[in-house]
Amino acid sequence: MPPAISMITLLTDFGLRDYFVASMKGVILNINSQARIVDLSHDVPPQQIEEAAYLLKSSYRYFPDGTVHVAVVDPGVGSNRRALLVSTSRFYFLAPDNGLLSYIFDEELSVEVRVIENKQYRLDSEGATFDGRDLFAPAAAWLTKGQSPGSFGRLTRDYVTLPIEEPTVAHKVLSGHIVYVDHYGNLISNITPLHLKELQGVARKSSSDVTIRLGGTEIQGLVVCYADGDKTTPQALINSNGQVEVFIKEGNAAESLKCGRGEKIAVS
Amino acid sequence: MPPAISMITLLTDFGLRDYFVASMKGVILNINSQARIVDLSHDVPPQQIEEAAYLLKSSYRYFPDGTVHVAVVDPGVGSNRRALLVSTSRFYFLAPDNGLLSYIFDEELSVEVRVIENKQYRLDSEGATFDGRDLFAPAAAWLTKGQSPGSFGRLTRDYVTLPIEEPTVAHKVLSGHIVYVDHYGNLISNITPLHLKELQGVARKSSSDVTIRLGGTEIQGLVVCYADGDKTTPQALINSNGQVEVFIKEGNAAESLKCGRGEKIAVS
Amino acid sequence: MPPAISMITLLTDFGLRDYFVASMKGVILNINSQARIVDLSHDVPPQQIEEAAYLLKSSYRYFPDGTVHVAVVDPGVGSNRRALLVSTSRFYFLAPDNGLLSYIFDEELSVEVRVIENKQYRLDSEGATFDGRDLFAPAAAWLTKGQSPGSFGRLTRDYVTLPIEEPTVAHKVLSGHIVYVDHYGNLISNITPLHLKELQGVARKSSSDVTIRLGGTEIQGLVVCYADGDKTTPQALINSNGQVEVFIKEGNAAESLKCGRGEKIAVS
């Protein structure tokens, strides 16, 4: 079980304009005034669970042991969808049972999954539309106060996971897809150096002998960094998440190539 | 008088792009390096005092006793508009005297209102356009250091309040209006379960026997949660602020219905 | 050398939507869980080094002595552009060597500039695209743990500075330009009261005898605050950064006047 430290991250689609995120923080601080709260992101597009799952995957591991990661993208709030508390060797995760934690289930070797059933920590409110404030925030705060995971509810082995599609290889062509488009318009794929290595035998970083096809464009070779590109031609590199990424130097590749999440990408 | 803890919230229309919010935080931390600062929201549309007032009303109560709430939407900055320091049983509020604290005056039983007149805590700067940094931030920081409210200025009973329109009942029809549109496009009204109860005798949560009219649309009954809606038809529910809210499941009701703040809503 | 306190500010063009900023914070907190991190801004337009430099200039001085200011707008990441650690009498600055610290070099009397060469503090990652997380965040965290600047790399006198254009005077006309447009659309120039004083002999704040020309518009005199304007006519004032600023009361001067950064402004 991870240590109880007072570190909490918040990942939501609540935006920063309304009172939602601040209310969650207020509830947390009212229970544990020493809690240290870090915004993971609140600008997940409304109800985009897969996008939130990718953001969590890309950042959770950098936080200190014992951090409580709270992720609330929750179109089913107030219905009979369940709320989960997941413990791994290093972290706690709190999220609706809608697939948001799919990468955690996939990547973490040991996960203990509980259904949050105990109403005792829940805030009493009139409506049923804001579990972020009324259920997840108090649960996170009480965890940082040392409350044991077991006191929130029973273990379960039955929870929602989204399909995580791995790239496939056929006839020396590696086929993947774009999993995330960042705010620069960079197109991030699910292809990693490991996949490239399987394809090629060796190869790493700037390898000139691969061809990348994406949305009608053909890119020759991988460069090392954004500065290696030129300002009109799309280029590809291995980014610091260890994924093949297509970019245009100081430009917006997603707009220029008219590509988005889900777009097929092929490496040969 | 609330205890002096080192918790400060900030609510402004300064946005997060410029240097304004960071300057306020710097000033606070330079006076009290132990201050814990929470962003309430900085994306209030420029000069929209009523919107800021609603955001404050919706979140201030969740914070720990002694929290200093700083709210700066301040078109009159630098003119002879006054700055207020308000103490309630649980909180401090700092804001320009322009109605921003109207809901606080309305909801809190005991308020002590002072005019910030003492220049001693004010930052010296060349211009007169940034009281957020030069007046409110240092006042908040000194309050968290235990400085007494009385040291900032004299009590007053004369301060600006915006009219808070309550729903009215006539001929078994409850007439209210939209007070806030959140970033999902949900339309939040000033009608509460208490108003519905007055209208109907009993009724709570999902009640099928009410009809809601808003911008040419008629909605039959209240559902419990967003998942109860369908993706094309507007529905209504009691939200977790205890207010009747019109939404479209995974859609944007404000855009679809072409409604905004101020729009009339009727329940019968 | 400034004291080692655990205060870090972050200024980037990473936006708040993606996982970039959260990853930096995770890395920092994993090294120093007591670090207090303040967002300066993350909404610098992509790759706009000059805009970031102006934001830093406008806010760094308000923070407590010992604060580590991290600024990462870094189109050259992963190339041979160098990373700098700068110590002044009050602060530390970490930034790529691309001119982002130009105002610091200009304004601070004593600067000690080092190249970050020591790889020991660097995070190991597959790609070369995210020095914010892999180089700057750990360096900042280790500085707050008391690591000496000297342990990061050798002193240098050779670093990039952007030209800082001062206003010029000719024939009793002061010629400057717009250096920043804030999110209200206010147009902030590089002309200060000191320049006006040189022009006029005396004069300060509301002086009716100056004429300001900007993008085809002529403004007569300086007012004191935004409330002094009217809602259709552009006005000018000395803002709280000590700079001549053109605004429209409760309007957007940049849009109305179709002016942006770089636009010429003349005072006579």
# chains A, B, ... in the order shown; residues from 1 in each chain; ligands from 1
$ interface_residues --of "chain C" --to "chain A" --cutoff "9 Å" --atoms "only C-alpha atoms" --output "PyMOL selection string"
chain C and resi 14-31+33+46-47+75-79+125-131+134
$ select_by_dssp --residues "region 42-235 of chain C" --states "strand (DSSP E)" --output "VMD selection string"
chain C and resid 68 to 72 83 to 87 92 to 96 112 to 115 168 to 170 173 to 181 187 to 189 211 to 214 217 to 220 235
$ closest_residue --among "B:Ile116, B:Ile37, B:Leu94, B:Ile104" --to "Gly150 (chain B)" --atoms "only C-alpha atoms"
B:Ile116
$ atom_distance --atom1 "CA of Ser189 (chain B)" --atom2 "CA of Phe105 (chain B)"
20.2 Å
$ closest_residue --among "C:Val86, C:Leu135, C:Val173, C:Val267" --to "Thr156 (chain C)" --atoms "only C-alpha atoms"
C:Val86
$ residues_around --residues "Ile219 (chain B)" --least-positions-apart "5" --cutoff "7 Å" --atoms "only C-alpha atoms" --output "list of chain:residue names"
B:Thr211, B:Ile212, B:Arg213, B:Pro234, B:Gln235
$ write_last_selection --atoms "all heavy atoms" --output "PDB file, in the first residue's frame"
ATOM      1  N   THR B 211     -43.920  20.915 -15.912  1.00  0.00           N
ATOM      2  CA  THR B 211     -43.577  21.285 -17.288  1.00  0.00           C
ATOM      3  C   THR B 211     -42.693  22.518 -17.223  1.00  0.00           C
ATOM      4  O   THR B 211     -43.000  23.478 -16.507  1.00  0.00           O
ATOM      5  CB  THR B 211     -44.848  21.612 -18.092  1.00  0.00           C
ATOM      6  OG1 THR B 211     -45.722  20.481 -18.024  1.00  0.00           O
ATOM      7  CG2 THR B 211     -44.512  21.921 -19.541  1.00  0.00           C
ATOM      8  N   ILE B 212     -41.582  22.466 -17.958  1.00  0.00           N
ATOM      9  CA  ILE B 212     -40.625  23.561 -17.940  1.00  0.00           C
ATOM     10  C   ILE B 212     -40.590  24.197 -19.315  1.00  0.00           C
ATOM     11  O   ILE B 212     -40.470  23.496 -20.321  1.00  0.00           O
ATOM     12  CB  ILE B 212     -39.229  23.032 -17.533  1.00  0.00           C
ATOM     13  CG1 ILE B 212     -39.270  22.593 -16.062  1.00  0.00           C
ATOM     14  CG2 ILE B 212     -38.153  24.072 -17.749  1.00  0.00           C
ATOM     15  CD1 ILE B 212     -38.276  21.554 -15.701  1.00  0.00           C
ATOM     16  N   ARG B 213     -40.734  25.508 -19.343  1.00  0.00           N
ATOM     17  CA  ARG B 213     -40.690  26.224 -20.626  1.00  0.00           C
ATOM     18  C   ARG B 213     -39.496  27.169 -20.638  1.00  0.00           C
ATOM     19  O   ARG B 213     -39.285  27.926 -19.699  1.00  0.00           O
ATOM     20  CB  ARG B 213     -41.980  27.029 -20.842  1.00  0.00           C
ATOM     21  CG  ARG B 213     -43.137  26.152 -21.283  1.00  0.00           C
ATOM     22  CD  ARG B 213     -44.406  26.934 -21.553  1.00  0.00           C
ATOM     23  NE  ARG B 213     -45.497  25.988 -21.759  1.00  0.00           N
ATOM     24  CZ  ARG B 213     -46.170  25.376 -20.757  1.00  0.00           C
ATOM     25  NH1 ARG B 213     -45.878  25.639 -19.499  1.00  0.00           N
ATOM     26  NH2 ARG B 213     -47.135  24.516 -21.040  1.00  0.00           N
ATOM     27  N   PRO B 234     -33.670  18.336 -25.036  1.00  0.00           N
ATOM     28  CA  PRO B 234     -33.330  18.991 -23.772  1.00  0.00           C
ATOM     29  C   PRO B 234     -34.089  18.353 -22.613  1.00  0.00           C
ATOM     30  O   PRO B 234     -35.260  17.987 -22.767  1.00  0.00           O
ATOM     31  CB  PRO B 234     -33.778  20.446 -23.974  1.00  0.00           C
ATOM     32  CG  PRO B 234     -34.066  20.600 -25.428  1.00  0.00           C
ATOM     33  CD  PRO B 234     -34.370  19.240 -25.969  1.00  0.00           C
ATOM     34  N   GLN B 235     -33.440  18.194 -21.483  1.00  0.00           N
ATOM     35  CA  GLN B 235     -34.050  17.683 -20.269  1.00  0.00           C
ATOM     36  C   GLN B 235     -33.728  18.639 -19.133  1.00  0.00           C
ATOM     37  O   GLN B 235     -32.858  19.502 -19.265  1.00  0.00           O
ATOM     38  CB  GLN B 235     -33.472  16.292 -19.918  1.00  0.00           C
ATOM     39  CG  GLN B 235     -33.713  15.229 -20.967  1.00  0.00           C
ATOM     40  CD  GLN B 235     -35.138  14.696 -20.928  1.00  0.00           C
ATOM     41  OE1 GLN B 235     -35.926  15.062 -20.056  1.00  0.00           O
ATOM     42  NE2 GLN B 235     -35.466  13.849 -21.894  1.00  0.00           N
TER      43      GLN B 235
END
$ select_by_dssp --residues "region 39-213 of chain C" --states "helix (DSSP H, G or I)" --output "ChimeraX atom specification"
/C:49-62,102-107,119-121,131-144,149-151,193-200
$ write_last_selection --atoms "N, CA and C atoms" --output "compact mmCIF listing (two decimals), in the first residue's frame"
# COMPACT_ATOMS: atom_id res chain seq x y z
N ILE C 49 8.91 33.70 -28.04
CA ILE C 49 9.90 33.97 -27.00
C ILE C 49 9.78 35.40 -26.47
N GLU C 50 9.54 36.36 -27.35
CA GLU C 50 9.48 37.76 -26.90
C GLU C 50 8.31 38.01 -25.96
N GLU C 51 7.18 37.37 -26.26
CA GLU C 51 6.02 37.53 -25.40
C GLU C 51 6.29 36.95 -24.01
N ALA C 52 6.92 35.78 -24.00
CA ALA C 52 7.29 35.16 -22.72
C ALA C 52 8.26 36.04 -21.95
N ALA C 53 9.21 36.62 -22.65
CA ALA C 53 10.19 37.50 -22.00
C ALA C 53 9.49 38.67 -21.32
N TYR C 54 8.48 39.21 -22.00
CA TYR C 54 7.74 40.35 -21.43
C TYR C 54 6.94 39.93 -20.19
N LEU C 55 6.31 38.75 -20.24
CA LEU C 55 5.55 38.26 -19.08
C LEU C 55 6.46 38.07 -17.87
N LEU C 56 7.64 37.51 -18.12
CA LEU C 56 8.58 37.29 -17.03
C LEU C 56 9.02 38.62 -16.43
N LYS C 57 9.38 39.54 -17.30
CA LYS C 57 9.79 40.89 -16.87
C LYS C 57 8.73 41.53 -15.98
N SER C 58 7.47 41.29 -16.30
CA SER C 58 6.38 41.99 -15.63
C SER C 58 5.99 41.39 -14.29
N SER C 59 6.52 40.22 -13.96
CA SER C 59 6.05 39.59 -12.72
C SER C 59 7.14 39.03 -11.82
N TYR C 60 8.33 38.79 -12.35
CA TYR C 60 9.32 38.04 -11.54
C TYR C 60 9.67 38.75 -10.24
N ARG C 61 9.69 40.06 -10.26
CA ARG C 61 10.20 40.83 -9.12
C ARG C 61 9.29 40.77 -7.90
N TYR C 62 8.02 40.36 -8.10
CA TYR C 62 7.07 40.34 -6.98
C TYR C 62 7.23 39.13 -6.08
N SER C 102 16.19 38.02 -21.79
CA SER C 102 16.78 39.30 -22.21
C SER C 102 16.52 40.44 -21.23
N TYR C 103 15.28 40.57 -20.77
CA TYR C 103 14.97 41.66 -19.84
C TYR C 103 15.70 41.49 -18.50
N ILE C 104 15.88 40.23 -18.09
CA ILE C 104 16.61 39.98 -16.84
C ILE C 104 18.04 40.47 -16.99
N PHE C 105 18.67 40.10 -18.10
CA PHE C 105 20.05 40.56 -18.36
C PHE C 105 20.10 42.08 -18.40
N ASP C 106 19.04 42.71 -18.93
CA ASP C 106 19.00 44.15 -19.08
C ASP C 106 18.78 44.87 -17.76
N GLU C 107 17.92 44.31 -16.91
CA GLU C 107 17.47 45.04 -15.73
C GLU C 107 18.27 44.72 -14.47
N LYS C 119 24.93 16.31 -16.64
CA LYS C 119 23.78 15.47 -17.00
C LYS C 119 23.18 14.75 -15.79
N GLN C 120 23.85 14.85 -14.65
CA GLN C 120 23.48 14.03 -13.51
C GLN C 120 22.07 14.30 -12.98
N TYR C 121 21.58 15.51 -13.18
CA TYR C 121 20.25 15.85 -12.66
C TYR C 121 19.16 15.62 -13.70
N ASP C 131 12.57 19.02 -22.69
CA ASP C 131 13.52 19.45 -21.67
C ASP C 131 12.81 20.12 -20.49
N GLY C 132 11.61 20.64 -20.70
CA GLY C 132 10.84 21.19 -19.58
C GLY C 132 10.73 20.17 -18.46
N ARG C 133 10.37 18.98 -18.82
CA ARG C 133 10.24 17.90 -17.83
C ARG C 133 11.58 17.26 -17.48
N ASP C 134 12.42 17.05 -18.50
CA ASP C 134 13.60 16.20 -18.31
C ASP C 134 14.84 16.95 -17.83
N LEU C 135 14.89 18.26 -18.10
CA LEU C 135 16.08 19.03 -17.72
C LEU C 135 15.72 20.17 -16.76
N PHE C 136 14.77 21.04 -17.17
CA PHE C 136 14.51 22.25 -16.37
C PHE C 136 13.81 21.93 -15.05
N ALA C 137 12.82 21.04 -15.07
CA ALA C 137 12.10 20.73 -13.83
C ALA C 137 13.03 20.13 -12.77
N PRO C 138 13.83 19.09 -13.12
CA PRO C 138 14.72 18.57 -12.08
C PRO C 138 15.75 19.60 -11.62
N ALA C 139 16.27 20.42 -12.54
CA ALA C 139 17.25 21.43 -12.12
C ALA C 139 16.63 22.39 -11.11
N ALA C 140 15.38 22.81 -11.40
CA ALA C 140 14.69 23.72 -10.47
C ALA C 140 14.51 23.06 -9.10
N ALA C 141 14.06 21.82 -9.13
CA ALA C 141 13.81 21.13 -7.87
C ALA C 141 15.09 20.97 -7.05
N TRP C 142 16.18 20.60 -7.72
CA TRP C 142 17.44 20.43 -6.99
C TRP C 142 17.97 21.76 -6.47
N LEU C 143 17.75 22.84 -7.20
CA LEU C 143 18.13 24.16 -6.68
C LEU C 143 17.40 24.45 -5.38
N THR C 144 16.10 24.13 -5.34
CA THR C 144 15.33 24.41 -4.11
C THR C 144 15.75 23.48 -2.97
N PRO C 149 24.46 26.44 -7.64
CA PRO C 149 24.47 26.70 -9.08
C PRO C 149 25.70 26.13 -9.77
N GLY C 150 26.84 26.20 -9.09
CA GLY C 150 28.08 25.74 -9.69
C GLY C 150 28.06 24.26 -10.06
N SER C 151 27.22 23.51 -9.38
CA SER C 151 27.20 22.07 -9.66
C SER C 151 26.48 21.73 -10.96
N PRO C 193 6.72 56.75 -17.86
CA PRO C 193 6.67 58.13 -17.36
C PRO C 193 8.03 58.84 -17.46
N LEU C 194 9.10 58.06 -17.32
CA LEU C 194 10.44 58.64 -17.42
C LEU C 194 10.68 59.22 -18.81
N HIS C 195 10.24 58.47 -19.82
CA HIS C 195 10.37 58.99 -21.19
C HIS C 195 9.54 60.25 -21.38
N LEU C 196 8.32 60.23 -20.80
CA LEU C 196 7.45 61.41 -20.92
C LEU C 196 8.07 62.62 -20.25
N LYS C 197 8.69 62.34 -19.12
CA LYS C 197 9.32 63.42 -18.35
C LYS C 197 10.46 64.04 -19.16
N GLU C 198 11.23 63.17 -19.78
CA GLU C 198 12.32 63.67 -20.64
C GLU C 198 11.76 64.55 -21.76
N LEU C 199 10.63 64.10 -22.31
CA LEU C 199 10.01 64.84 -23.41
C LEU C 199 9.51 66.21 -22.96
N GLN C 200 8.91 66.23 -21.76
CA GLN C 200 8.14 67.41 -21.37
C GLN C 200 8.82 68.30 -20.35
$ closest_residue --among "C:Ile248, C:Ala170, C:Lys264, C:Tyr92" --to "Lys231 (chain C)" --atoms "only C-alpha atoms"
C:Ile248
$ residues_around --residues "Glu117 (chain B)" --least-positions-apart "4" --cutoff "8 Å" --atoms "only C-alpha atoms" --output "ChimeraX atom specification"
/B:83,152-154
$ atom_distance --atom1 "CA of Leu187 (chain C)" --atom2 "CA of Ala266 (chain C)"
13.2 Å
